[in-house]
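**Student:** Have a peek at coords.txt (compact mmCIF, C-alpha atoms and all ligand atoms).
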# COMPACT_ATOMS: atom_id res chain seq x y z
CA MET T 6 0.00 0.00 0.00
CA PHE T 7 1.15 3.49 -0.77
CA ILE T 8 1.64 5.41 2.46
CA HIS T 9 1.30 9.12 1.95
CA ARG T 10 3.69 11.35 3.84
CA ARG T 11 2.42 14.78 4.58
CA ARG T 12 4.65 17.66 3.54
CA GLY T 13 4.71 21.18 4.86
CA TRP T 14 2.65 22.75 2.09
CA GLU T 15 -0.13 20.23 2.28
CA ILE T 16 -3.30 21.15 4.02
CA ALA T 17 -4.83 18.54 6.24
CA GLU T 18 -7.88 17.20 4.49
CA ARG T 19 -10.06 18.02 7.48
CA GLU T 20 -9.07 21.68 7.39
CA ALA T 21 -9.72 21.87 3.68
CA THR T 22 -13.18 20.43 3.65
CA PRO T 23 -16.56 21.97 4.15
CA GLU T 24 -16.96 19.34 6.83
CA ALA T 25 -15.08 21.67 9.16
CA ILE T 26 -18.00 24.08 9.11
CA VAL T 27 -20.41 21.37 9.94
CA THR T 28 -18.11 20.04 12.59
CA GLY T 29 -18.23 23.51 14.10
CA ARG T 30 -21.99 23.45 13.89
CA ARG T 31 -21.96 20.06 15.57
CA ALA T 32 -21.04 21.74 18.83
CA LEU T 33 -24.38 23.55 18.65
CA LEU T 34 -26.22 20.36 17.90
CA GLY T 35 -24.84 18.67 20.97
CA ALA T 36 -24.08 15.06 21.73
CA ALA T 37 -26.16 13.38 19.05
CA GLY T 38 -24.20 15.10 16.31
CA ALA T 39 -20.93 14.34 18.01
CA VAL T 40 -21.62 10.62 17.96
CA ALA T 41 -22.56 10.70 14.30
CA PHE T 42 -19.41 12.53 13.37
CA GLY T 43 -16.60 11.09 15.54
CA ALA T 44 -13.99 13.33 13.94
CA ALA T 45 -10.94 11.49 12.65
CA PRO T 46 -7.54 12.97 13.48
CA ALA T 47 -6.23 15.07 10.60
CA GLU T 48 -3.53 12.55 9.75
CA ALA T 49 -5.98 9.65 9.46
CA GLN T 50 -8.23 11.70 7.22
CA TRP T 51 -5.30 12.60 5.01
CA ASN T 52 -4.37 8.96 4.58
CA ILE T 53 -7.71 8.34 2.90
CA PHE T 54 -6.31 9.82 -0.24
CA GLY T 55 -2.95 8.15 0.06
CA GLN T 56 -4.76 4.82 -0.17
CA ARG T 57 -6.02 3.63 -3.51
CA PRO T 58 -9.57 2.44 -3.01
CA THR T 59 -10.44 -0.83 -4.71
CA MET T 60 -10.38 -0.61 -8.51
CA PRO T 61 -13.55 1.14 -9.61
CA LYS T 62 -16.18 -0.96 -11.30
CA SER T 63 -16.57 1.96 -13.69
CA ALA T 64 -14.03 0.18 -15.85
CA GLU T 65 -16.91 -2.17 -16.72
CA ARG T 66 -19.36 0.54 -17.69
CA PRO T 67 -20.89 0.64 -21.19
CA PRO T 68 -19.00 2.63 -23.81
CA LEU T 69 -20.20 6.13 -24.63
CA ALA T 70 -17.92 7.70 -27.19
CA ALA T 71 -18.24 11.07 -28.90
CA PRO T 72 -15.83 13.10 -31.04
CA ARG T 73 -13.39 15.15 -28.98
CA ASN T 74 -13.68 18.91 -29.34
CA ALA T 75 -10.03 19.98 -29.63
CA LYS T 76 -10.87 23.61 -28.88
CA TYR T 77 -10.72 22.96 -25.14
CA ASP T 78 -7.16 21.63 -24.84
CA PRO T 79 -6.57 21.35 -21.08
CA GLY T 80 -2.80 21.90 -21.32
CA ARG T 81 -2.10 19.19 -18.76
CA ALA T 82 -2.24 15.41 -18.56
CA ILE T 83 -5.56 13.63 -18.17
CA THR T 84 -5.98 12.25 -14.65
CA PRO T 85 -5.80 8.44 -14.55
CA GLU T 86 -9.33 7.05 -14.65
CA PRO T 87 -9.02 5.06 -11.39
CA GLU T 88 -8.17 8.27 -9.52
CA ALA T 89 -10.85 10.45 -11.10
CA THR T 90 -13.51 7.83 -10.44
CA SER T 91 -12.60 6.81 -6.91
CA TYR T 92 -11.83 10.09 -5.13
CA ASN T 93 -15.18 11.85 -4.98
CA ASN T 94 -17.31 14.42 -3.26
CA PHE T 95 -20.89 13.19 -3.14
CA TYR T 96 -22.28 14.07 0.28
CA GLU T 97 -25.58 12.28 -0.30
CA PHE T 98 -23.57 9.06 0.02
CA GLY T 99 -21.33 10.20 2.87
CA GLN T 100 -18.69 12.72 3.73
CA SER T 101 -15.51 10.85 2.91
CA LYS T 102 -13.81 10.81 -0.46
CA SER T 103 -14.41 7.06 -0.58
CA VAL T 104 -18.14 7.02 -1.30
CA PHE T 105 -17.50 4.84 -4.32
CA ASP T 106 -19.09 1.69 -2.85
CA GLU T 107 -22.11 3.47 -1.36
CA ALA T 108 -22.77 5.33 -4.61
CA GLN T 109 -23.22 2.06 -6.52
CA ALA T 110 -26.73 1.99 -4.99
CA LEU T 111 -27.76 4.93 -7.20
CA LYS T 112 -30.52 3.79 -9.56
CA THR T 113 -30.24 5.55 -12.90
CA ALA T 114 -32.63 3.57 -15.12
CA ASP T 115 -35.44 5.65 -16.72
CA TRP T 116 -34.05 8.84 -15.22
CA LYS T 117 -36.18 11.89 -15.81
CA ILE T 118 -35.55 15.60 -15.46
CA GLU T 119 -38.33 18.01 -14.63
CA LEU T 120 -38.10 21.31 -16.52
CA ALA T 121 -39.96 23.88 -14.45
CA GLY T 122 -40.63 27.55 -13.89
CA MET T 123 -40.37 30.35 -16.45
CA ILE T 124 -40.36 28.34 -19.68
CA ALA T 125 -42.75 27.91 -22.58
CA LYS T 126 -44.00 24.45 -21.51
CA PRO T 127 -43.03 23.09 -18.09
CA ARG T 128 -42.63 19.33 -18.55
CA THR T 129 -40.69 16.24 -17.62
CA ILE T 130 -38.21 14.73 -20.05
CA GLY T 131 -36.42 11.38 -19.95
CA VAL T 132 -32.64 11.57 -20.23
CA ASP T 133 -32.70 9.07 -23.13
CA ASP T 134 -35.15 11.29 -24.95
CA LEU T 135 -33.09 14.39 -24.18
CA LEU T 136 -29.94 12.78 -25.57
CA LYS T 137 -31.67 12.29 -28.93
CA GLN T 138 -32.17 16.04 -29.19
CA VAL T 139 -28.63 17.24 -28.48
CA SER T 140 -25.22 16.65 -30.02
CA LEU T 141 -22.77 14.75 -27.86
CA GLU T 142 -19.11 15.62 -27.87
CA GLU T 143 -16.08 14.94 -25.70
CA ARG T 144 -14.40 17.80 -23.83
CA VAL T 145 -11.32 17.53 -21.70
CA TYR T 146 -11.78 20.01 -18.87
CA ARG T 147 -9.80 20.87 -15.77
CA HIS T 148 -11.79 20.57 -12.53
CA ARG T 149 -10.79 22.59 -9.44
CA CYS T 150 -12.39 21.71 -6.10
CA VAL T 151 -12.61 24.46 -3.50
CA GLU T 152 -10.64 22.09 -1.25
CA ALA T 153 -7.58 22.66 -3.51
CA TRP T 154 -7.42 19.36 -5.36
CA ALA T 155 -7.84 19.15 -9.12
CA MET T 156 -8.31 16.66 -11.91
CA THR T 157 -8.46 16.69 -15.71
CA VAL T 158 -11.25 14.63 -17.22
CA PRO T 159 -12.50 13.74 -20.71
CA TRP T 160 -16.25 14.30 -20.26
CA VAL T 161 -18.87 13.22 -22.78
CA GLY T 162 -21.92 15.43 -22.89
CA PHE T 163 -23.46 18.50 -24.49
CA GLN T 164 -23.59 22.22 -24.03
CA LEU T 165 -26.03 23.40 -21.40
CA SER T 166 -27.10 26.07 -23.92
CA GLU T 167 -28.71 23.30 -25.99
CA LEU T 168 -30.96 22.37 -23.10
CA VAL T 169 -31.79 26.03 -22.44
CA ARG T 170 -32.91 26.39 -26.06
CA LEU T 171 -35.08 23.26 -25.82
CA ALA T 172 -36.65 24.59 -22.61
CA GLU T 173 -37.51 27.96 -24.22
CA PRO T 174 -37.22 30.25 -21.19
CA THR T 175 -39.46 33.30 -21.02
CA SER T 176 -37.85 36.74 -21.00
CA ASN T 177 -38.30 36.95 -17.19
CA ALA T 178 -36.03 33.98 -16.50
CA LYS T 179 -32.68 35.11 -15.07
CA TYR T 180 -31.35 32.00 -13.29
CA LEU T 181 -31.29 28.23 -13.63
CA VAL T 182 -31.60 26.18 -10.45
CA PHE T 183 -30.45 22.56 -10.50
CA THR T 184 -32.02 20.22 -7.98
CA THR T 185 -30.36 16.85 -7.49
CA LEU T 186 -31.65 13.50 -6.31
CA ALA T 187 -32.47 13.14 -2.62
CA ASP T 188 -33.48 9.52 -2.12
CA LYS T 189 -33.49 8.44 1.52
CA ALA T 190 -33.64 4.76 0.59
CA THR T 191 -30.30 4.74 -1.22
CA MET T 192 -28.46 7.80 0.10
CA PRO T 193 -27.21 7.41 3.69
CA GLY T 194 -25.85 10.96 3.75
CA LEU T 195 -29.40 12.33 3.84
CA ARG T 196 -29.66 11.16 7.44
CA GLN T 197 -27.35 14.02 8.28
CA SER T 198 -30.29 16.28 8.80
CA TRP T 199 -28.30 19.48 9.44
CA TYR T 200 -27.50 19.68 5.72
CA PRO T 201 -30.02 21.60 3.58
CA TRP T 202 -31.03 18.69 1.32
CA PRO T 203 -31.63 18.36 -1.53
CA TYR T 204 -28.29 19.52 -2.95
CA THR T 205 -29.04 22.41 -5.26
CA GLU T 206 -26.93 24.73 -7.36
CA GLY T 207 -27.61 27.62 -9.67
CA VAL T 208 -26.17 29.82 -12.39
CA THR T 209 -27.34 32.88 -14.27
CA ILE T 210 -28.89 32.35 -17.65
CA ASP T 211 -25.88 34.11 -19.23
CA GLU T 212 -23.57 31.61 -17.55
CA ALA T 213 -25.80 28.75 -18.70
CA MET T 214 -25.57 30.02 -22.29
CA ASN T 215 -21.77 30.30 -22.16
CA GLU T 216 -20.11 27.77 -24.43
CA LEU T 217 -18.12 26.21 -21.58
CA ALA T 218 -21.17 25.26 -19.49
CA PHE T 219 -21.65 21.55 -20.06
CA LEU T 220 -23.90 18.69 -18.98
CA SER T 221 -21.94 15.45 -18.70
CA VAL T 222 -23.36 11.97 -19.22
CA GLY T 223 -20.08 10.14 -19.76
CA MET T 224 -16.41 10.22 -18.83
CA PHE T 225 -13.37 8.35 -20.18
CA GLY T 226 -15.42 7.17 -23.16
CA LYS T 227 -17.97 5.37 -20.98
CA VAL T 228 -21.28 6.11 -19.34
CA ILE T 229 -20.65 8.28 -16.29
CA PRO T 230 -20.38 6.17 -13.12
CA PRO T 231 -22.70 6.76 -10.15
CA GLN T 232 -20.03 8.25 -7.91
CA ASN T 233 -19.28 10.98 -10.45
CA GLY T 234 -22.93 12.04 -10.77
CA ALA T 235 -24.77 9.59 -13.03
CA PRO T 236 -26.70 9.83 -15.18
CA ILE T 237 -26.31 13.56 -15.76
CA ARG T 238 -24.31 16.27 -14.00
CA LEU T 239 -23.24 19.83 -14.52
CA THR T 240 -19.63 20.55 -15.50
CA LEU T 241 -18.65 24.21 -15.02
CA PRO T 242 -14.87 24.20 -15.35
CA TRP T 243 -14.22 27.84 -14.41
CA LYS T 244 -15.99 27.57 -11.07
CA TYR T 245 -15.16 25.68 -7.90
CA GLY T 246 -16.27 22.07 -8.14
CA PHE T 247 -19.23 22.34 -5.78
CA LYS T 248 -21.11 24.31 -8.46
CA SER T 249 -21.10 21.21 -10.70
CA ALA T 250 -24.19 19.50 -9.29
CA LYS T 251 -24.47 15.73 -9.73
CA SER T 252 -27.44 13.49 -10.53
CA ILE T 253 -29.79 16.29 -11.58
CA VAL T 254 -33.56 15.65 -11.36
CA LYS T 255 -34.98 19.13 -11.88
CA ILE T 256 -34.03 22.37 -13.62
CA THR T 257 -36.04 25.43 -12.62
CA PHE T 258 -35.93 28.70 -14.57
CA THR T 259 -36.56 31.64 -12.26
CA ASP T 260 -36.16 35.39 -11.83
CA THR T 261 -34.83 34.98 -8.27
CA ARG T 262 -31.22 34.24 -7.40
CA PRO T 263 -31.14 30.90 -5.56
CA VAL T 264 -29.32 30.13 -2.33
CA ASN T 265 -27.41 26.96 -3.01
CA PHE T 266 -26.53 24.01 -0.78
CA TRP T 267 -23.10 25.09 0.47
CA GLN T 268 -24.12 28.72 0.44
CA ALA T 269 -27.02 27.92 2.77
CA LEU T 270 -24.52 26.30 5.14
CA GLN T 271 -21.90 29.06 5.01
CA ASP T 272 -22.35 31.90 2.56
CA SER T 273 -19.12 33.63 3.59
CA GLU T 274 -17.12 30.60 2.40
CA TYR T 275 -19.20 29.25 -0.51
CA GLY T 276 -20.97 32.06 -2.33
CA PHE T 277 -23.24 32.11 -5.34
CA TRP T 278 -20.58 32.89 -7.96
CA ALA T 279 -17.66 30.76 -6.72
CA ASN T 280 -15.40 31.49 -9.67
CA VAL T 281 -11.86 30.16 -9.26
CA ASN T 282 -9.28 32.77 -8.21
CA PRO T 283 -5.86 31.96 -6.70
CA GLU T 284 -5.59 35.43 -5.15
CA ILE T 285 -8.72 35.20 -3.05
CA PRO T 286 -8.03 32.72 -0.26
CA HIS T 287 -10.76 30.68 1.30
CA PRO T 288 -11.17 32.00 4.86
CA ARG T 289 -9.42 28.88 6.14
CA TRP T 290 -6.80 28.08 3.45
CA SER T 291 -4.94 29.46 0.44
CA GLN T 292 -6.31 28.94 -3.07
CA ALA T 293 -2.94 29.69 -4.73
CA LYS T 294 -2.14 26.07 -5.64
CA GLU T 295 -3.90 22.84 -6.37
CA ARG T 296 -2.96 19.19 -5.91
CA LEU T 297 -3.40 17.03 -9.01
CA LEU T 298 -5.15 13.73 -8.34
CA GLY T 299 -2.92 10.86 -9.39
CA THR T 300 0.51 12.48 -9.09
CA ASP T 301 -0.09 14.71 -6.03
CA GLU T 302 1.90 17.35 -7.91
CA MET T 303 1.18 20.90 -6.71
CA VAL T 304 0.58 23.41 -9.51
CA ALA T 305 -0.39 27.07 -9.55
CA THR T 306 -4.12 27.77 -9.74
CA ARG T 307 -5.22 30.25 -12.41
CA ILE T 308 -7.99 32.82 -12.34
CA TRP T 309 -11.23 31.43 -13.84
CA ASN T 310 -9.35 28.12 -13.60
CA GLY T 311 -7.53 29.22 -16.77
CA TYR T 312 -10.75 29.71 -18.78
CA GLY T 313 -10.77 33.53 -18.74
CA GLU T 314 -10.77 33.87 -22.53
CA PHE T 315 -14.20 32.21 -22.55
CA VAL T 316 -15.84 33.50 -19.38
CA ALA T 317 -14.24 36.73 -18.14
CA PRO T 318 -16.55 38.89 -20.33
CA LEU T 319 -19.57 37.44 -18.49
CA TYR T 320 -18.50 39.31 -15.38
CA ALA T 321 -17.32 42.61 -16.85
CA ASN T 322 -20.35 44.49 -15.52
CA LEU T 323 -20.60 42.71 -12.18
CA LYS T 324 -17.73 44.34 -10.33
CA ASN T 325 -19.76 44.88 -7.17
CA GLU T 326 -20.55 41.19 -6.80
CA ARG T 327 -18.45 38.80 -4.68
CA LEU T 328 -17.40 36.86 -7.76
CA PHE T 329 -14.70 34.61 -6.35
CA ALA T 330 -15.67 32.99 -3.08
N1 LIG T 401 -25.33 16.24 -5.70
C1 LIG T 401 -24.06 16.57 -5.41
N2 LIG T 401 -23.31 17.16 -6.35
C2 LIG T 401 -22.03 17.50 -6.08
C3 LIG T 401 -21.46 17.27 -4.79
C4 LIG T 401 -22.28 16.63 -3.83
O1 LIG T 401 -21.86 16.39 -2.68
N3 LIG T 401 -23.56 16.29 -4.17
N4 LIG T 401 -20.15 17.66 -4.54
C5 LIG T 401 -19.58 18.71 -5.40
C6 LIG T 401 -18.16 18.90 -5.23
S1 LIG T 401 -17.65 19.71 -3.83
C7 LIG T 401 -17.25 18.55 -6.19
S2 LIG T 401 -15.61 18.94 -6.06
C8 LIG T 401 -17.66 17.74 -7.35
C9 LIG T 401 -16.85 16.45 -7.35
O2 LIG T 401 -17.08 15.71 -8.51
P1 LIG T 401 -16.31 14.32 -8.71
O3 LIG T 401 -16.61 13.47 -7.52
O4 LIG T 401 -16.85 13.79 -9.99
O5 LIG T 401 -14.87 14.64 -8.76
O6 LIG T 401 -19.06 17.42 -7.34
C10 LIG T 401 -19.89 18.45 -6.88
N5 LIG T 401 -21.28 18.07 -7.07
MO MO T 402 -15.47 20.38 -4.26
Could you write out this structure as structure tokens?
Ligand SMILES: Nc1nc2c(c(=O)[nH]1)N[C@H]1C(S)=C(S)[C@@H](COP(=O)(O)O)O[C@H]1N2
Ligand SMILES: [Mo]
**Tutor:**
Amino acid sequence: MFIHRRRGWEIAEREATPEAIVTGRRALLGAAGAVAFGAAPAEAQWNIFGQRPTMPKSAERPPLAAPRNAKYDPGRAITPEPEATSYNNFYEFGQSKSVFDEAQALKTADWKIELAGMIAKPRTIGVDDLLKQVSLEERVYRHRCVEAWAMTVPWVGFQLSELVRLAEPTSNAKYLVFTTLADKATMPGLRQSWYPWPYTEGVTIDEAMNELAFLSVGMFGKVIPPQNGAPIRLTLPWKYGFKSAKSIVKITFTDTRPVNFWQALQDSEYGFWANVNPEIPHPRWSQAKERLLGTDEMVATRIWNGYGEFVAPLYANLKNERLFA
């Protein structure tokens, strides 16, 4: 087994995770919460990502290939598939990075998405049906988690703008809100009642129409595995990873800015915009560098996660907003 030795620049996983907020909140909740959460020492937590979990079953998933769009060259190596598919954040299945086994309980057959709110015809659409109406492509995007780890993944999916066009929003619609599955029967994390389930996220309609905004249904040339957000997830590469909601069941078009899952827990740390910026530290750690899954190499983080040429103009007139945290 590979034993990870912690170096000076590494942040303890516990310090770098939103869990720390909730652990703080636990004190308010009293003994019941404390039992549920028995906090692991920082070193033990860290070792979770030194260990390779068992080889993901995702290797056996059905193929889902699409032509690669070379326009979005990531400029760094693709993360090995076993790493990108076994080191996850999916709080519905638990708070560790090793939710791989639990997430296999996710049932994705006949998945439907409700399209709601300010659109021509609110309706429910099956994912299979949706996929017949869009053009699939492969995009290799960099992903930057707010916890300062990063990966580079070949996603298969389609531009979110295609779905917006199908939905036909009315002129009042200003935001899209993504609601994700909250199924008590298969998701043990939902028992943690202090979280504001279901997990929701939102973007402005301008962000949704940006060419980078993507809905992923596959990765590594195969159907997306449960732990990475099957059967359909957002992929917003210029924003911190928590914006990329997994396992979406509803998309609501609205004129009101939503308060999202992490924002509801701690707005000062996880705001609405959450665009990547190395110069704006998280209140509890630096965002200057990121650790690449697979090699553990530390590399400099770039503003907009390096996607400024595509997205910076979206924010030119929003200088008074807290765009980066
Ligand atoms: N429904 C849901 N979506 C989610 C999360 C989650 O806990 N639940 N975690 C987010 C966070 S913090 C990150 S970094 C990415 C992780 O995606 P990955 O596991 O595919 O790397 O998913 C995001 N989407
Ligand atoms: Mo994240």
**Student:** Give the answer as one residue: which of T:Ala218, T:Leu270, T:Ile253, T:Ile308 has the shortest atom-to-atom distance to Ala293 (chain T), using only C-alpha atoms?
**Tutor:** T:Ile308
**Student:** Write out as a PyMOL selection string which residues come within 6 Å of region 128-141 of chain T when counting only C-alpha atoms, dropping same-chain ones fewer than 2 positions away.
**Tutor:** chain T and resi 71+116-120+162-163
**Student:** Write out, as a PDB file, in the frame of the given file, the residues just selected, with C-alpha atoms.
**Tutor:**
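That gives us out-v1.pdb:
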ATOM      1  CA  ALA T  71     -18.240  11.070 -28.900  1.00  0.00           C
ATOM      2  CA  TRP T 116     -34.050   8.840 -15.220  1.00  0.00           C
ATOM      3  CA  LYS T 117     -36.180  11.890 -15.810  1.00  0.00           C
ATOM      4  CA  ILE T 118     -35.550  15.600 -15.460  1.00  0.00           C
ATOM      5  CA  GLU T 119     -38.330  18.010 -14.630  1.00  0.00           C
ATOM      6  CA  LEU T 120     -38.100  21.310 -16.520  1.00  0.00           C
ATOM      7  CA  GLY T 162     -21.920  15.430 -22.890  1.00  0.00           C
ATOM      8  CA  PHE T 163     -23.460  18.500 -24.490  1.00  0.00           C
TER       9      PHE T 163
END
**Student:** Let me have all residues with an atom within 6 Å of ligand LIG 401 (chain T), counting only C-alpha atoms and all ligand atoms, laid out as a PyMOL selection string.
**Tutor:** chain T and resi 93-97+150+185+204+233+246-247+249-252
**Student:** Measuring between only C-alpha atoms and all ligand atoms, which one of T:Ala279, T:Ile124, T:Val208, T:Val254 shows the shortest distance to ligand MO 402 (chain T)?
**Tutor:**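 Selected residue with least distance to ligand MO 402 (chain T): T:Ala279.
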**Student:** Near Tyr146 (chain T), counting only C-alpha atoms, which residues have an atom at most 10 Å away, once you skip same-chain residues fewer than 3 positions from it, shown as a list in words?
**Tutor:**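 Here the answer would be Tyr77, Asp78, Pro79, Gly80, Arg81, Ile83, Glu143, Arg149, Met156, Thr157, Val158, Pro159, Trp160, Leu217, Thr240, Leu241, Pro242, Trp243, Asn310 and Tyr312 of chain T.
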**Student:** What is the CA of Leu297 (chain T)-CA of Leu186 (chain T) distance in Å, reported with one decimal?
**Tutor:**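 Interatomic distance here is 28.6 Å.
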**Student:** Using all atoms listed in the file, find each residue of region 106-136 of chain T with at least one atom at most 9 Å away from an atom of region 173-183 of chain T; report its shortest atom-to-atom pair and that distance in Å (one decimal), sort the rows by chain and rising residue number, and return the result as a tab-separated table.
**Tutor:**
residue	atom	partner	partner_atom	distance
T:Gly122	CA	T:Ala178	CA	8.3
T:Met123	CA	T:Thr175	CA	5.5
T:Ile124	CA	T:Pro174	CA	4.0
T:Ala125	CA	T:Glu173	CA	5.5
T:Lys126	CA	T:Glu173	CA	7.9
**Student:** In Å, rounded to a single decimal, give me how far CA of Gln100 (chain T) is from CA of Ala190 (chain T).
**Tutor:**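 Here the two named atoms are 17.2 Å from each other.
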**Student:** Name all residues at most 9 Å from Ser273 (chain T) (count all atoms listed in the file; drop same-chain ones fewer than 3 positions away) and give them as an MDAnalysis selection string.
**Tutor:** chainID T and resid 268 276 288 330
**Student:** Can you work out the spacing between CA of Arg170 (chain T) and CA of Leu239 (chain T) in Å, to one decimal?
**Tutor:**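 A separation of 16.4 Å between them.
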**Student:** T:Glu314, T:Glu212, T:Glu152, T:Glu326: which is nearest ligand MO 402 (chain T), counting all atoms listed in the file?
**Tutor:**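 With all atoms listed in the file as the atom set, the closest residue is T:Glu152.
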**Student:** Between T:Ala305, T:Ala153, T:Met192, T:Val104, which is the closest to ligand MO 402 (chain T) once you count all atoms listed in the file?
**Tutor:**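 Nearest candidate to ligand MO 402 (chain T) out of T:Ala305, T:Ala153, T:Met192, T:Val104: T:Ala153.
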**Student:** Return the single residue from T:Leu323, T:Val151, T:Ile210, T:Ala317 that is closest to ligand MO 402 (chain T), with distances computed using only C-alpha atoms and all ligand atoms.
**Tutor:**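 Distance minimum relative to ligand MO 402 (chain T) lands on T:Val151.
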**Student:** Using only C-alpha atoms, which residues sit within 6 Å of Val161 (chain T) once same-chain residues fewer than 5 positions away are excluded, as a compact mmCIF listing (two decimals) with C-alpha atoms, keeping the file's coordinate frame?
**Tutor:**
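File around-v2.txt, as written:
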# COMPACT_ATOMS: atom_id res chain seq x y z
CA GLU T 142 -19.11 15.62 -27.87
CA GLU T 143 -16.08 14.94 -25.70
CA SER T 221 -21.94 15.45 -18.70
CA VAL T 222 -23.36 11.97 -19.22
CA GLY T 223 -20.08 10.14 -19.76
CA MET T 224 -16.41 10.22 -18.83
**Student:** Go through T:Ala321, T:Ala155, T:Val264, T:Ala121 and flag the residue nearest ligand MO 402 (chain T), using all atoms listed in the file for the distances.
**Tutor:** T:Ala155
**Student:** Determine the axis-aligned bounding box of all atoms of region 214-226 of chain T present in the file, pad each side by 3 Å, and express its centre and edge lengths in Å to one decimal place as JSON.
**Tutor:**
{"center_x": -19.5, "center_y": 18.7, "center_z": -21.6, "size_x": 18.2, "size_y": 29.1, "size_z": 11.7}
**Student:** Name all residues at most 10 Å from Arg196 (chain T) (count all atoms listed in the file; drop same-chain ones fewer than 6 positions away) and give them as an mmCIF file with C-alpha atoms, in the frame of the given file.
**Tutor:**
data_model
loop_
_atom_site.group_PDB
_atom_site.id
_atom_site.type_symbol
_atom_site.label_atom_id
_atom_site.label_comp_id
_atom_site.auth_asym_id
_atom_site.auth_seq_id
_atom_site.Cartn_x
_atom_site.Cartn_y
_atom_site.Cartn_z
ATOM 1 C CA ALA T 41 -22.560 10.700 14.300
ATOM 2 C CA GLU T 97 -25.580 12.280 -0.300
ATOM 3 C CA PHE T 98 -23.570 9.060 0.020
ATOM 4 C CA GLY T 99 -21.330 10.200 2.870
ATOM 5 C CA LYS T 189 -33.490 8.440 1.520
ATOM 6 C CA TRP T 202 -31.030 18.690 1.320
#
